[in-house]
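Next up, structure25.pdb (PDB, N, CA and C atoms):
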ATOM      1  N   MET Z 137     -75.262-107.708  69.961  1.00  0.00           N
ATOM      2  CA  MET Z 137     -75.552-109.095  69.665  1.00  0.00           C
ATOM      3  C   MET Z 137     -76.195-109.794  70.863  1.00  0.00           C
ATOM      4  N   ILE Z 138     -75.718-109.468  72.061  1.00  0.00           N
ATOM      5  CA  ILE Z 138     -76.272-110.072  73.262  1.00  0.00           C
ATOM      6  C   ILE Z 138     -77.735-109.673  73.423  1.00  0.00           C
ATOM      7  N   GLU Z 139     -78.057-108.438  73.098  1.00  0.00           N
ATOM      8  CA  GLU Z 139     -79.431-107.962  73.233  1.00  0.00           C
ATOM      9  C   GLU Z 139     -80.381-108.773  72.355  1.00  0.00           C
ATOM     10  N   LYS Z 140     -79.974-109.084  71.131  1.00  0.00           N
ATOM     11  CA  LYS Z 140     -80.823-109.882  70.244  1.00  0.00           C
ATOM     12  C   LYS Z 140     -81.073-111.260  70.829  1.00  0.00           C
ATOM     13  N   ALA Z 141     -80.043-111.838  71.435  1.00  0.00           N
ATOM     14  CA  ALA Z 141     -80.184-113.161  72.039  1.00  0.00           C
ATOM     15  C   ALA Z 141     -81.161-113.113  73.202  1.00  0.00           C
ATOM     16  N   LYS Z 142     -81.095-112.057  73.994  1.00  0.00           N
ATOM     17  CA  LYS Z 142     -82.007-111.920  75.129  1.00  0.00           C
ATOM     18  C   LYS Z 142     -83.437-111.703  74.650  1.00  0.00           C
ATOM     19  N   ILE Z 143     -83.601-110.928  73.596  1.00  0.00           N
ATOM     20  CA  ILE Z 143     -84.939-110.704  73.044  1.00  0.00           C
ATOM     21  C   ILE Z 143     -85.512-112.012  72.507  1.00  0.00           C
ATOM     22  N   ARG Z 144     -84.695-112.799  71.821  1.00  0.00           N
ATOM     23  CA  ARG Z 144     -85.152-114.092  71.297  1.00  0.00           C
ATOM     24  C   ARG Z 144     -85.522-115.021  72.446  1.00  0.00           C
ATOM     25  N   GLU Z 145     -84.721-115.017  73.517  1.00  0.00           N
ATOM     26  CA  GLU Z 145     -85.015-115.854  74.674  1.00  0.00           C
ATOM     27  C   GLU Z 145     -86.354-115.449  75.296  1.00  0.00           C
ATOM     28  N   MET Z 146     -86.593-114.147  75.423  1.00  0.00           N
ATOM     29  CA  MET Z 146     -87.872-113.672  75.956  1.00  0.00           C
ATOM     30  C   MET Z 146     -89.024-114.089  75.052  1.00  0.00           C
ATOM     31  N   ALA Z 147     -88.836-113.977  73.744  1.00  0.00           N
ATOM     32  CA  ALA Z 147     -89.880-114.362  72.792  1.00  0.00           C
ATOM     33  C   ALA Z 147     -90.212-115.847  72.932  1.00  0.00           C
ATOM     34  N   ASP Z 148     -89.194-116.664  73.119  1.00  0.00           N
ATOM     35  CA  ASP Z 148     -89.426-118.101  73.294  1.00  0.00           C
ATOM     36  C   ASP Z 148     -90.194-118.389  74.586  1.00  0.00           C
ATOM     37  N   ILE Z 149     -89.854-117.674  75.651  1.00  0.00           N
ATOM     38  CA  ILE Z 149     -90.555-117.848  76.924  1.00  0.00           C
ATOM     39  C   ILE Z 149     -92.018-117.433  76.786  1.00  0.00           C
ATOM     40  N   ILE Z 150     -92.264-116.333  76.076  1.00  0.00           N
ATOM     41  CA  ILE Z 150     -93.637-115.869  75.855  1.00  0.00           C
ATOM     42  C   ILE Z 150     -94.431-116.922  75.098  1.00  0.00           C
ATOM     43  N   THR Z 151     -93.821-117.539  74.101  1.00  0.00           N
ATOM     44  CA  THR Z 151     -94.478-118.600  73.348  1.00  0.00           C
ATOM     45  C   THR Z 151     -94.845-119.764  74.263  1.00  0.00           C
ATOM     46  N   ASN Z 152     -93.924-120.123  75.158  1.00  0.00           N
ATOM     47  CA  ASN Z 152     -94.195-121.211  76.108  1.00  0.00           C
ATOM     48  C   ASN Z 152     -95.319-120.846  77.070  1.00  0.00           C
ATOM     49  N   ILE Z 153     -95.317-119.605  77.553  1.00  0.00           N
ATOM     50  CA  ILE Z 153     -96.373-119.155  78.458  1.00  0.00           C
ATOM     51  C   ILE Z 153     -97.728-119.229  77.764  1.00  0.00           C
ATOM     52  N   LYS Z 154     -97.759-118.812  76.513  1.00  0.00           N
ATOM     53  CA  LYS Z 154     -99.004-118.840  75.749  1.00  0.00           C
ATOM     54  C   LYS Z 154     -99.535-120.265  75.626  1.00  0.00           C
ATOM     55  N   GLN Z 155     -98.648-121.199  75.330  1.00  0.00           N
ATOM     56  CA  GLN Z 155     -99.054-122.602  75.193  1.00  0.00           C
ATOM     57  C   GLN Z 155     -99.538-123.159  76.523  1.00  0.00           C
ATOM     58  N   GLU Z 156     -98.834-122.854  77.600  1.00  0.00           N
ATOM     59  CA  GLU Z 156     -99.235-123.348  78.924  1.00  0.00           C
ATOM     60  C   GLU Z 156    -100.576-122.759  79.348  1.00  0.00           C
ATOM     61  N   ALA Z 157    -100.821-121.503  79.012  1.00  0.00           N
ATOM     62  CA  ALA Z 157    -102.108-120.881  79.329  1.00  0.00           C
ATOM     63  C   ALA Z 157    -103.235-121.600  78.585  1.00  0.00           C
ATOM     64  N   GLU Z 158    -103.002-121.951  77.337  1.00  0.00           N
ATOM     65  CA  GLU Z 158    -104.012-122.694  76.573  1.00  0.00           C
ATOM     66  C   GLU Z 158    -104.256-124.074  77.176  1.00  0.00           C
ATOM     67  N   ASN Z 159    -103.175-124.718  77.616  1.00  0.00           N
ATOM     68  CA  ASN Z 159    -103.323-126.020  78.275  1.00  0.00           C
ATOM     69  C   ASN Z 159    -104.160-125.890  79.549  1.00  0.00           C
ATOM     70  N   LEU Z 160    -103.894-124.844  80.321  1.00  0.00           N
ATOM     71  CA  LEU Z 160    -104.649-124.591  81.544  1.00  0.00           C
ATOM     72  C   LEU Z 160    -106.123-124.347  81.236  1.00  0.00           C
ATOM     73  N   LYS Z 161    -106.385-123.593  80.185  1.00  0.00           N
ATOM     74  CA  LYS Z 161    -107.767-123.320  79.786  1.00  0.00           C
ATOM     75  C   LYS Z 161    -108.486-124.617  79.421  1.00  0.00           C
ATOM     76  N   GLU Z 162    -107.826-125.483  78.671  1.00  0.00           N
ATOM     77  CA  GLU Z 162    -108.435-126.759  78.289  1.00  0.00           C
ATOM     78  C   GLU Z 162    -108.739-127.619  79.510  1.00  0.00           C
ATOM     79  N   LEU Z 163    -107.805-127.643  80.463  1.00  0.00           N
ATOM     80  CA  LEU Z 163    -108.030-128.412  81.686  1.00  0.00           C
ATOM     81  C   LEU Z 163    -109.203-127.840  82.477  1.00  0.00           C
ATOM     82  N   GLY Z 164    -109.265-126.520  82.548  1.00  0.00           N
ATOM     83  CA  GLY Z 164    -110.365-125.874  83.255  1.00  0.00           C
ATOM     84  C   GLY Z 164    -111.701-126.177  82.609  1.00  0.00           C
ATOM     85  N   CYS Z 165    -111.732-126.137  81.288  1.00  0.00           N
ATOM     86  CA  CYS Z 165    -112.977-126.438  80.570  1.00  0.00           C
ATOM     87  C   CYS Z 165    -113.365-127.900  80.747  1.00  0.00           C
ATOM     88  N   ALA Z 166    -112.377-128.782  80.734  1.00  0.00           N
ATOM     89  CA  ALA Z 166    -112.648-130.213  80.840  1.00  0.00           C
ATOM     90  C   ALA Z 166    -113.303-130.572  82.169  1.00  0.00           C
ATOM     91  N   CYS Z 167    -112.960-129.843  83.227  1.00  0.00           N
ATOM     92  CA  CYS Z 167    -113.565-130.162  84.523  1.00  0.00           C
ATOM     93  C   CYS Z 167    -114.674-129.176  84.886  1.00  0.00           C
ATOM     94  N   GLY Z 168    -115.082-128.352  83.919  1.00  0.00           N
ATOM     95  CA  GLY Z 168    -116.215-127.460  84.117  1.00  0.00           C
ATOM     96  C   GLY Z 168    -115.929-126.265  85.018  1.00  0.00           C
ATOM     97  N   ASN Z 169    -114.673-125.880  85.125  1.00  0.00           N
ATOM     98  CA  ASN Z 169    -114.292-124.773  85.993  1.00  0.00           C
ATOM     99  C   ASN Z 169    -114.255-123.477  85.183  1.00  0.00           C
ATOM    100  N   LYS Z 170    -115.358-122.767  85.190  1.00  0.00           N
ATOM    101  CA  LYS Z 170    -115.514-121.549  84.375  1.00  0.00           C
ATOM    102  C   LYS Z 170    -114.555-120.435  84.807  1.00  0.00           C
ATOM    103  N   CYS Z 171    -114.251-120.349  86.118  1.00  0.00           N
ATOM    104  CA  CYS Z 171    -113.368-119.268  86.567  1.00  0.00           C
ATOM    105  C   CYS Z 171    -111.964-119.426  85.992  1.00  0.00           C
ATOM    106  N   VAL Z 172    -111.486-120.660  85.818  1.00  0.00           N
ATOM    107  CA  VAL Z 172    -110.171-120.875  85.206  1.00  0.00           C
ATOM    108  C   VAL Z 172    -110.207-120.394  83.761  1.00  0.00           C
ATOM    109  N   GLU Z 173    -111.239-120.781  83.052  1.00  0.00           N
ATOM    110  CA  GLU Z 173    -111.372-120.370  81.651  1.00  0.00           C
ATOM    111  C   GLU Z 173    -111.373-118.849  81.516  1.00  0.00           C
ATOM    112  N   MET Z 174    -112.128-118.168  82.351  1.00  0.00           N
ATOM    113  CA  MET Z 174    -112.225-116.713  82.255  1.00  0.00           C
ATOM    114  C   MET Z 174    -110.917-116.023  82.655  1.00  0.00           C
ATOM    115  N   ASN Z 175    -110.214-116.575  83.639  1.00  0.00           N
ATOM    116  CA  ASN Z 175    -108.935-115.994  84.025  1.00  0.00           C
ATOM    117  C   ASN Z 175    -107.876-116.193  82.945  1.00  0.00           C
ATOM    118  N   VAL Z 176    -107.935-117.315  82.257  1.00  0.00           N
ATOM    119  CA  VAL Z 176    -106.999-117.535  81.151  1.00  0.00           C
ATOM    120  C   VAL Z 176    -107.294-116.564  80.011  1.00  0.00           C
ATOM    121  N   VAL Z 177    -108.555-116.242  79.792  1.00  0.00           N
ATOM    122  CA  VAL Z 177    -108.903-115.246  78.778  1.00  0.00           C
ATOM    123  C   VAL Z 177    -108.228-113.918  79.126  1.00  0.00           C
ATOM    124  N   ARG Z 178    -108.274-113.544  80.394  1.00  0.00           N
ATOM    125  CA  ARG Z 178    -107.608-112.306  80.832  1.00  0.00           C
ATOM    126  C   ARG Z 178    -106.097-112.405  80.651  1.00  0.00           C
ATOM    127  N   MET Z 179    -105.547-113.556  81.025  1.00  0.00           N
ATOM    128  CA  MET Z 179    -104.106-113.763  80.867  1.00  0.00           C
ATOM    129  C   MET Z 179    -103.708-113.662  79.390  1.00  0.00           C
ATOM    130  N   SER Z 180    -104.551-114.176  78.529  1.00  0.00           N
ATOM    131  CA  SER Z 180    -104.259-114.158  77.097  1.00  0.00           C
ATOM    132  C   SER Z 180    -104.120-112.735  76.569  1.00  0.00           C
ATOM    133  N   ALA Z 181    -104.886-111.817  77.125  1.00  0.00           N
ATOM    134  CA  ALA Z 181    -104.769-110.413  76.712  1.00  0.00           C
ATOM    135  C   ALA Z 181    -103.402-109.852  77.095  1.00  0.00           C
ATOM    136  N   MET Z 182    -102.925-110.194  78.275  1.00  0.00           N
ATOM    137  CA  MET Z 182    -101.606-109.728  78.702  1.00  0.00           C
ATOM    138  C   MET Z 182    -100.496-110.384  77.878  1.00  0.00           C
ATOM    139  N   ILE Z 183    -100.674-111.665  77.589  1.00  0.00           N
ATOM    140  CA  ILE Z 183     -99.693-112.377  76.772  1.00  0.00           C
ATOM    141  C   ILE Z 183     -99.633-111.764  75.376  1.00  0.00           C
ATOM    142  N   LYS Z 184    -100.779-111.377  74.843  1.00  0.00           N
ATOM    143  CA  LYS Z 184    -100.824-110.748  73.518  1.00  0.00           C
ATOM    144  C   LYS Z 184    -100.008-109.454  73.511  1.00  0.00           C
ATOM    145  N   MET Z 185    -100.102-108.672  74.580  1.00  0.00           N
ATOM    146  CA  MET Z 185     -99.321-107.435  74.671  1.00  0.00           C
ATOM    147  C   MET Z 185     -97.820-107.749  74.692  1.00  0.00           C
ATOM    148  N   LEU Z 186     -97.442-108.794  75.421  1.00  0.00           N
ATOM    149  CA  LEU Z 186     -96.040-109.206  75.432  1.00  0.00           C
ATOM    150  C   LEU Z 186     -95.584-109.626  74.036  1.00  0.00           C
ATOM    151  N   GLU Z 187     -96.450-110.342  73.345  1.00  0.00           N
ATOM    152  CA  GLU Z 187     -96.121-110.749  71.969  1.00  0.00           C
ATOM    153  C   GLU Z 187     -95.883-109.531  71.090  1.00  0.00           C
ATOM    154  N   LEU Z 188     -96.756-108.551  71.206  1.00  0.00           N
ATOM    155  CA  LEU Z 188     -96.617-107.349  70.389  1.00  0.00           C
ATOM    156  C   LEU Z 188     -95.334-106.601  70.726  1.00  0.00           C
ATOM    157  N   ASN Z 189     -94.991-106.561  72.006  1.00  0.00           N
ATOM    158  CA  ASN Z 189     -93.809-105.820  72.443  1.00  0.00           C
ATOM    159  C   ASN Z 189     -92.504-106.561  72.188  1.00  0.00           C
ATOM    160  N   ILE Z 190     -92.490-107.848  72.407  1.00  0.00           N
ATOM    161  CA  ILE Z 190     -91.234-108.600  72.357  1.00  0.00           C
ATOM    162  C   ILE Z 190     -91.124-109.485  71.125  1.00  0.00           C
ATOM    163  N   THR Z 191     -92.116-110.332  70.895  1.00  0.00           N
ATOM    164  CA  THR Z 191     -92.018-111.286  69.791  1.00  0.00           C
ATOM    165  C   THR Z 191     -91.938-110.581  68.454  1.00  0.00           C
ATOM    166  N   ASP Z 192     -92.760-109.573  68.267  1.00  0.00           N
ATOM    167  CA  ASP Z 192     -92.712-108.825  67.011  1.00  0.00           C
ATOM    168  C   ASP Z 192     -91.378-108.110  66.854  1.00  0.00           C
ATOM    169  N   ALA Z 193     -90.854-107.570  67.940  1.00  0.00           N
ATOM    170  CA  ALA Z 193     -89.527-106.916  67.893  1.00  0.00           C
ATOM    171  C   ALA Z 193     -88.449-107.910  67.526  1.00  0.00           C
ATOM    172  N   ALA Z 194     -88.534-109.115  68.081  1.00  0.00           N
ATOM    173  CA  ALA Z 194     -87.543-110.155  67.764  1.00  0.00           C
ATOM    174  C   ALA Z 194     -87.581-110.501  66.274  1.00  0.00           C
ATOM    175  N   ASP Z 195     -88.778-110.575  65.720  1.00  0.00           N
ATOM    176  CA  ASP Z 195     -88.918-110.867  64.290  1.00  0.00           C
ATOM    177  C   ASP Z 195     -88.335-109.748  63.436  1.00  0.00           C
ATOM    178  N   ILE Z 196     -88.607-108.524  63.831  1.00  0.00           N
ATOM    179  CA  ILE Z 196     -88.104-107.369  63.069  1.00  0.00           C
ATOM    180  C   ILE Z 196     -86.584-107.303  63.130  1.00  0.00           C
ATOM    181  N   LEU Z 197     -86.022-107.566  64.329  1.00  0.00           N
ATOM    182  CA  LEU Z 197     -84.568-107.496  64.507  1.00  0.00           C
ATOM    183  C   LEU Z 197     -83.861-108.736  63.961  1.00  0.00           C
ATOM    184  N   GLY Z 198     -84.626-109.729  63.601  1.00  0.00           N
ATOM    185  CA  GLY Z 198     -84.018-110.969  63.104  1.00  0.00           C
ATOM    186  C   GLY Z 198     -83.333-111.745  64.198  1.00  0.00           C
ATOM    187  N   ALA Z 199     -83.838-111.577  65.415  1.00  0.00           N
ATOM    188  CA  ALA Z 199     -83.219-112.268  66.573  1.00  0.00           C
ATOM    189  C   ALA Z 199     -83.666-113.705  66.626  1.00  0.00           C
TER     190      ALA Z 199
END
Once more with this new file: its structure as structure tokens, please.
Amino acid sequence: MIEKAKIREMADIITNIKQEAENLKELGCACGNKCVEMNVVRMSAMIKMLELNITDAADILGA
């Protein structure tokens, strides 16, 4: 039971990271900073892998 709670907590953190990365990308675009935008694109790929590994597992386990 504890493991499911930890997986759900990780999934929630991943969701927050994803949202913050999008916020950072918008700020970078707003001030014309292309390097921020491109680095967030790279970060998004890593976040997607975390989603596949953790968030999807949490959904399957019903955590």
12 Å contact set for Leu186 in chain Z, only C-alpha atoms, chain neighbours under 2 positions out, as a list in words = Ile143, Met146, Ala147, Asp148, Ile149, Ile150, Thr151, Ile153, Lys154, Met179, Ser180, Ala181, Met182, Ile183, Lys184, Leu188, Asn189, Ile190, Thr191, Asp192, Ala193 and Ala194 of chain Z
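The space between CA of Glu173 in chain Z and CA of Leu160 in chain Z spans 7.9 Å.
Taking atom N of Glu158 in chain Z as the reference point, atom N of Val177 in chain Z is found at 8.3 Å.
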query = Hey, can you check how far atom C of Ala157 in chain Z sits from CA of Asn169 in chain Z?
reply =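 Here the two named atoms are 13.7 Å from each other.
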